[in-house]
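Just below is one structure, and these are the notes that go with it.
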Amino acid sequence: MSLATDPVIDARDVVRSFGETRAVDGLHLEIPTGSVTVLLGPNGAGKTTVVRLLTGALAPDSGRISVFGIEPSGPDGAEVRRRCGVVPARPALYDRLTGYDNLRYAGELFAVDGAVLPERITHAAERFSIADALDKKVGAYSTGMRARLALARAVLHEPDLLLLDEPTAGLDPESARAVLGLIDELAEQGKAVVMCTHLLLEAEGLADKVVVLDHGATLVSGSPAELTERYWPGTRVVLDAEVPALLDGAADLPYVRGYSRNGVATVDLANADSVPDLVDALVGAGARLTRVEPQTPSLEQLYFEIRSRT
Amino acid sequence: MTAITVPKTRTRTPSRAWTIARTDLRQLRQARDFWMPLVIIASLFFVVIPGFLLLVITHVSNIELAKQLSDVVGALPTAIQKHVKGDSGPVQASYALAVYLFAPLAIVVPLTVSSAVGANTIIGERERGSGEFLAHSPASERDIYIGKLLAALIPGYLTAFIGFGLYSLIVNLLVGPKVGGWFFPTTSWWLLMFWVLPPFIALALAMILAISARVSSAAAAQQSSALVTLPLILIAYSVASGSMFEGSIVAIVIGALAWIGAAIALTRASKSVRRERLLGMGG
């Protein structure tokens, strides 16, 4: 029996090849419950294969994977899959069936009690704004509706772990918002969420943990704060003043690492403790400051910094 | 908030294999472009062609033609001739045609239907991308295999039994009044339809499911399944003819052998359905 504090996912030295190609090569992944983990990486980094390995849809060539304390590709793998909800990169729906029948099929396969299934379907359809289209064949759905139906299907059985593979690719803003809202909601409920993406903006603010993959291997992993500390040491401050030219004196201060001015001034400092000193120095030089804004790097900036260093 | 009409659903949770089969059958029912040609073929072989031939032959009034039909019956094996009913050449010929010569068609048509459905079932999941959903589901590979098998077997058996029913009706309506009343199905036909045909359909399907789990496209699956089922259809054809001509014991023995072969083939084919193949890998 797993303890509540055990990680939901614990993968070590996982390797999976397709012919000569190593899609996953030494993956390490540890994901706690109640967290949102974002797997970042370019196309071909092995993100989809990782999702498939985590549910046991694929078995690893070597290494160890444990999800809820169970080996997904082992004899008890069905229990892992029953507790997982997957939103694949392609929605994988049945076009000849109605939306309702697609959801009912999923509910029955995931052993949702027949007595509560209609209610669950109704709730999921309303939640993702497809209630009006539930009796229409999925072949007539738009891309956004298909994505929302796939989301509804993935959460119908109330999974403990939600795996999303490029969930917002090609979606309209409403559908993308539904995805991000769902992730937030599940994390608040204490469920674990793993999202694969190469769209850094959508991962911004969501991720409790970021795992950067490249050629199937874990390049780095950690919380955004940890990664920022590791790969983006120092503090960046954006400044503006009534007479912007007076800000240029900051470039000569000993604790300033970098300075540029293009409309507003951007100053790189060794650490956040130097911000009051900087403000004092500029005010002392006669500058009337209209903006002092310490900045943390965006996930995108962080990602490219990591990629450039590794 | 929009009100939703929720269809009535049973409260019992069905088995996963049956859920898969039922969903596949529901999709098949929606695919009119797929099943309509199969229905036409079945109608031709079970209803239109036998009905037309029997209608024409039972109403032959030309003496020369009637004599030629008598000669045809006379060319049949003696063991069969003594069972042929009717007091004129055309009636005897129509009786022989109905009881002995159309029997192989009863095997060919359901085999064709089941083969077409079977070849499409797993490969269709892969081509539509829905195989990914099944691969991530808690359904076991055995559940998936049995579900797909049932989804292909049921249309084949339904075709066989509905076709058999219609054929029996036509034969009895057209030939029955000329030979003293309804006479069909005969013992041999009961054996053929319920003892010999079912294992042959299962045998063909086991082979086709094994193939369709390995090949990469529906076209390849259909071509490969044709390669497998054509010899099987020929064997089934000769078996049906033989069991009709040789009698019940032969049919019982052939059926028993076919059941054994089907059981072995189905067991072996169950290993061909693997999750990674649903994802289009590991061919």
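We name chains A, B, ... following the order of the structure tokens; residues begin at 1 in each chain, and ligands are numbered from 1 as shown.
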(message) Give me, as a PyMOL selection string, the residues of stretch 173-303 of chain A that a backbone DSSP run labels strand (DSSP E).
(response) chain A and resi 192-197+209-214+217-222+235-241+256-262+264-269+289-295
Could you write those residues out with C-alpha atoms, as a CSV table (one decimal), in the first residue's frame?
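New file out_33.csv:
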```csv
chain,number,residue,atom,x,y,z
A,192,ALA,CA,-1.8,15.3,-9.9
A,193,VAL,CA,-1.6,16.8,-13.4
A,194,VAL,CA,1.1,16.2,-16.0
A,195,MET,CA,0.9,18.4,-19.1
A,196,CYS,CA,3.2,18.0,-22.1
A,197,THR,CA,3.6,21.1,-24.2
A,209,LYS,CA,7.3,21.7,-11.4
A,210,VAL,CA,8.9,22.0,-14.8
A,211,VAL,CA,10.7,19.1,-16.5
A,212,VAL,CA,12.7,19.9,-19.6
A,213,LEU,CA,13.0,16.9,-21.9
A,214,ASP,CA,15.4,16.5,-24.9
A,217,ALA,CA,16.1,12.4,-21.4
A,218,THR,CA,15.4,14.7,-18.5
A,219,LEU,CA,17.6,17.7,-19.0
A,220,VAL,CA,16.6,19.5,-15.8
A,221,SER,CA,13.6,19.4,-13.4
A,222,GLY,CA,12.5,21.6,-10.5
A,235,THR,CA,17.5,40.2,-10.4
A,236,ARG,CA,16.3,42.3,-13.3
A,237,VAL,CA,14.7,45.6,-12.6
A,238,VAL,CA,12.8,47.8,-15.1
A,239,LEU,CA,13.1,51.5,-14.4
A,240,ASP,CA,11.7,54.7,-15.9
A,241,ALA,CA,12.0,58.3,-14.9
A,256,VAL,CA,25.0,46.5,-11.6
A,257,ARG,CA,25.8,43.6,-13.9
A,258,GLY,CA,24.1,44.9,-17.0
A,259,TYR,CA,22.3,48.0,-18.2
A,260,SER,CA,20.3,48.9,-21.3
A,261,ARG,CA,17.8,51.6,-22.1
A,262,ASN,CA,15.3,51.4,-24.9
A,264,VAL,CA,12.6,52.1,-20.3
A,265,ALA,CA,15.9,51.1,-18.6
A,266,THR,CA,16.6,47.4,-17.8
A,267,VAL,CA,19.1,46.8,-15.0
A,268,ASP,CA,20.5,43.4,-14.1
A,269,LEU,CA,21.6,43.2,-10.4
A,289,LEU,CA,11.6,57.7,-10.8
A,290,THR,CA,8.2,56.9,-12.3
A,291,ARG,CA,8.7,53.1,-12.4
A,292,VAL,CA,10.6,50.5,-10.4
A,293,GLU,CA,9.6,47.0,-11.3
A,294,PRO,CA,11.7,44.0,-10.2
A,295,GLN,CA,11.1,41.2,-12.7
```
Need the shell around B:Val73: protein/DNA/RNA residues with any atom at most 9 Å away, counting only C-alpha atoms. Skip same-chain ones fewer than 6 positions apart. Format as a PDB file with N, CA and C atoms, in the first residue's frame?
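In the end it all went to out_28.pdb:
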```pdb
ATOM      1  N   GLN B  81     -30.313 -39.025 -55.174  1.00  0.00           N
ATOM      2  CA  GLN B  81     -31.518 -39.134 -56.012  1.00  0.00           C
ATOM      3  C   GLN B  81     -32.712 -39.721 -55.256  1.00  0.00           C
ATOM      4  N   VAL B  84     -34.560 -37.094 -53.320  1.00  0.00           N
ATOM      5  CA  VAL B  84     -35.146 -35.960 -54.045  1.00  0.00           C
ATOM      6  C   VAL B  84     -36.650 -36.179 -54.218  1.00  0.00           C
ATOM      7  N   GLY B  89     -39.715 -33.565 -63.626  1.00  0.00           N
ATOM      8  CA  GLY B  89     -38.316 -33.122 -63.749  1.00  0.00           C
ATOM      9  C   GLY B  89     -38.085 -31.747 -63.154  1.00  0.00           C
ATOM     10  N   GLN B  92     -38.343 -31.832 -59.284  1.00  0.00           N
ATOM     11  CA  GLN B  92     -37.199 -32.540 -58.701  1.00  0.00           C
ATOM     12  C   GLN B  92     -35.945 -31.671 -58.792  1.00  0.00           C
ATOM     13  N   ALA B  93     -35.797 -31.006 -59.927  1.00  0.00           N
ATOM     14  CA  ALA B  93     -34.614 -30.153 -60.107  1.00  0.00           C
ATOM     15  C   ALA B  93     -34.626 -28.996 -59.113  1.00  0.00           C
ATOM     16  N   ALA B  96     -33.735 -30.355 -55.687  1.00  0.00           N
ATOM     17  CA  ALA B  96     -32.287 -30.635 -55.577  1.00  0.00           C
ATOM     18  C   ALA B  96     -31.490 -29.333 -55.460  1.00  0.00           C
TER      19      ALA B  96
END
```
(request) Do a neighbour search on B:Gly255 at 9 Å with only C-alpha atoms, toss out local chain neighbours closer than 2 positions, and write the hits as a list of chain:residue names. (result)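 Selected residues are B:Leu191, B:Leu192, B:Trp195, B:Val196, B:Leu197, B:Pro198, B:Pro199, B:Phe200, B:Val250, B:Ala251, B:Ile252, B:Val253, B:Leu257, B:Ala258, B:Trp259, B:Ile260.
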Could the residues in this selection be saved with N, CA and C atoms as a PDB file, in the first residue's frame?
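This is the output file out-v6.pdb:
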```pdb
ATOM      1  N   LEU B 191     -27.743 -28.832 -39.486  1.00  0.00           N
ATOM      2  CA  LEU B 191     -26.354 -29.106 -39.063  1.00  0.00           C
ATOM      3  C   LEU B 191     -25.391 -28.100 -39.682  1.00  0.00           C
ATOM      4  N   LEU B 192     -25.608 -27.831 -40.966  1.00  0.00           N
ATOM      5  CA  LEU B 192     -24.714 -26.890 -41.661  1.00  0.00           C
ATOM      6  C   LEU B 192     -24.748 -25.517 -40.989  1.00  0.00           C
ATOM      7  N   TRP B 195     -23.927 -25.999 -36.837  1.00  0.00           N
ATOM      8  CA  TRP B 195     -22.803 -26.789 -36.367  1.00  0.00           C
ATOM      9  C   TRP B 195     -21.555 -26.588 -37.233  1.00  0.00           C
ATOM     10  N   VAL B 196     -21.708 -26.527 -38.525  1.00  0.00           N
ATOM     11  CA  VAL B 196     -20.541 -26.414 -39.414  1.00  0.00           C
ATOM     12  C   VAL B 196     -20.156 -24.947 -39.655  1.00  0.00           C
ATOM     13  N   LEU B 197     -21.143 -24.120 -39.934  1.00  0.00           N
ATOM     14  CA  LEU B 197     -20.842 -22.724 -40.282  1.00  0.00           C
ATOM     15  C   LEU B 197     -20.225 -21.902 -39.141  1.00  0.00           C
ATOM     16  N   PRO B 198     -20.768 -21.955 -37.912  1.00  0.00           N
ATOM     17  CA  PRO B 198     -20.207 -21.095 -36.849  1.00  0.00           C
ATOM     18  C   PRO B 198     -18.703 -21.250 -36.635  1.00  0.00           C
ATOM     19  N   PRO B 199     -18.162 -22.477 -36.573  1.00  0.00           N
ATOM     20  CA  PRO B 199     -16.699 -22.545 -36.362  1.00  0.00           C
ATOM     21  C   PRO B 199     -15.901 -22.032 -37.550  1.00  0.00           C
ATOM     22  N   PHE B 200     -16.445 -22.159 -38.749  1.00  0.00           N
ATOM     23  CA  PHE B 200     -15.717 -21.636 -39.917  1.00  0.00           C
ATOM     24  C   PHE B 200     -15.636 -20.114 -39.870  1.00  0.00           C
ATOM     25  N   VAL B 250     -21.013 -37.095 -41.652  1.00  0.00           N
ATOM     26  CA  VAL B 250     -19.888 -36.330 -42.216  1.00  0.00           C
ATOM     27  C   VAL B 250     -19.947 -34.886 -41.723  1.00  0.00           C
ATOM     28  N   ALA B 251     -21.141 -34.313 -41.726  1.00  0.00           N
ATOM     29  CA  ALA B 251     -21.295 -32.928 -41.272  1.00  0.00           C
ATOM     30  C   ALA B 251     -20.912 -32.797 -39.803  1.00  0.00           C
ATOM     31  N   ILE B 252     -21.301 -33.778 -39.004  1.00  0.00           N
ATOM     32  CA  ILE B 252     -20.972 -33.721 -37.566  1.00  0.00           C
ATOM     33  C   ILE B 252     -19.464 -33.783 -37.364  1.00  0.00           C
ATOM     34  N   VAL B 253     -18.811 -34.677 -38.106  1.00  0.00           N
ATOM     35  CA  VAL B 253     -17.351 -34.835 -37.958  1.00  0.00           C
ATOM     36  C   VAL B 253     -16.642 -33.555 -38.434  1.00  0.00           C
ATOM     37  N   LEU B 257     -14.305 -31.032 -36.152  1.00  0.00           N
ATOM     38  CA  LEU B 257     -12.927 -30.647 -36.492  1.00  0.00           C
ATOM     39  C   LEU B 257     -12.796 -29.134 -36.623  1.00  0.00           C
ATOM     40  N   ALA B 258     -13.801 -28.520 -37.238  1.00  0.00           N
ATOM     41  CA  ALA B 258     -13.759 -27.055 -37.412  1.00  0.00           C
ATOM     42  C   ALA B 258     -13.812 -26.344 -36.056  1.00  0.00           C
ATOM     43  N   TRP B 259     -14.597 -26.882 -35.119  1.00  0.00           N
ATOM     44  CA  TRP B 259     -14.666 -26.271 -33.778  1.00  0.00           C
ATOM     45  C   TRP B 259     -13.294 -26.347 -33.094  1.00  0.00           C
ATOM     46  N   ILE B 260     -12.638 -27.493 -33.236  1.00  0.00           N
ATOM     47  CA  ILE B 260     -11.305 -27.647 -32.609  1.00  0.00           C
ATOM     48  C   ILE B 260     -10.333 -26.648 -33.239  1.00  0.00           C
TER      49      ILE B 260
END
```
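For the pair atom CA of A:Leu162 and atom CA of A:Ile183, the separation is 8.4 Å.
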(request) Determine which residues of stretch 70-239 of chain A DSSP labels as alpha helix (DSSP H) from the backbone of this structure, then write them out as a count of residues only. (result) 69
(request) Just need the residues of chain A within 8 Å of chain B, counting only C-alpha atoms, so spit them out as a ChimeraX atom specification. (result) /A:52,55-58,77-82,86,88,90-94,96-97,105,108-115,118,122,131-132
C-alpha atoms of the current selection, written as a tab-separated table (two decimals), in the first residue's frame:
```tsv
chain	number	residue	atom	x	y	z
A	52	ARG	CA	2.16	6.31	-23.04
A	55	THR	CA	-0.30	4.57	-18.41
A	56	GLY	CA	1.27	1.30	-19.50
A	57	ALA	CA	0.07	1.70	-23.08
A	58	LEU	CA	3.74	1.10	-23.84
A	77	GLY	CA	-1.67	-1.96	-14.86
A	78	ALA	CA	-5.45	-1.78	-15.36
A	79	GLU	CA	-5.72	-0.16	-11.92
A	80	VAL	CA	-3.25	2.55	-13.01
A	81	ARG	CA	-5.21	3.22	-16.19
A	82	ARG	CA	-8.50	3.27	-14.28
A	86	VAL	CA	-5.58	10.98	-20.65
A	88	PRO	CA	-4.02	12.65	-26.16
A	90	ARG	CA	-5.26	13.81	-31.17
A	91	PRO	CA	-8.63	13.60	-29.41
A	92	ALA	CA	-9.10	9.90	-30.41
A	93	LEU	CA	-12.88	10.11	-30.58
A	94	TYR	CA	-15.42	7.95	-32.40
A	96	ARG	CA	-19.76	7.96	-36.02
A	97	LEU	CA	-21.05	8.06	-32.45
A	105	TYR	CA	-18.43	4.35	-23.81
A	108	GLU	CA	-18.44	2.10	-19.01
A	109	LEU	CA	-14.84	1.22	-19.88
A	110	PHE	CA	-13.60	3.12	-16.83
A	111	ALA	CA	-16.17	1.32	-14.65
A	112	VAL	CA	-18.23	4.35	-13.69
A	113	ASP	CA	-21.31	3.11	-11.87
A	114	GLY	CA	-24.18	2.88	-14.35
A	115	ALA	CA	-26.49	4.58	-11.84
A	118	PRO	CA	-25.86	9.80	-16.98
A	122	THR	CA	-24.46	15.72	-18.10
A	131	ALA	CA	-24.23	20.07	-23.70
A	132	ASP	CA	-26.06	21.37	-26.77
```
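Each of B:Ser88, B:Ser272, B:Ser217, B:Ser94 was compared to B:Ile57 using only C-alpha atoms, and B:Ser94 turns out to be the nearest.
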(message) Env of stretch 44-52 of chain B: 7 Å cut, atoms = only C-alpha atoms, seq-sep filter 6 positions within chain, self excluded. Answer as a PyMOL selection string.
(response) chain B and resi 105+163+166-167+170
(request) Give me, please, the distance in Å between atom CA of A:Ala59 and atom CA of A:Leu180, quoted to one decimal. (result)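 Atom CA of A:Leu180 lies at a distance of 29.4 Å from atom CA of A:Ala59.
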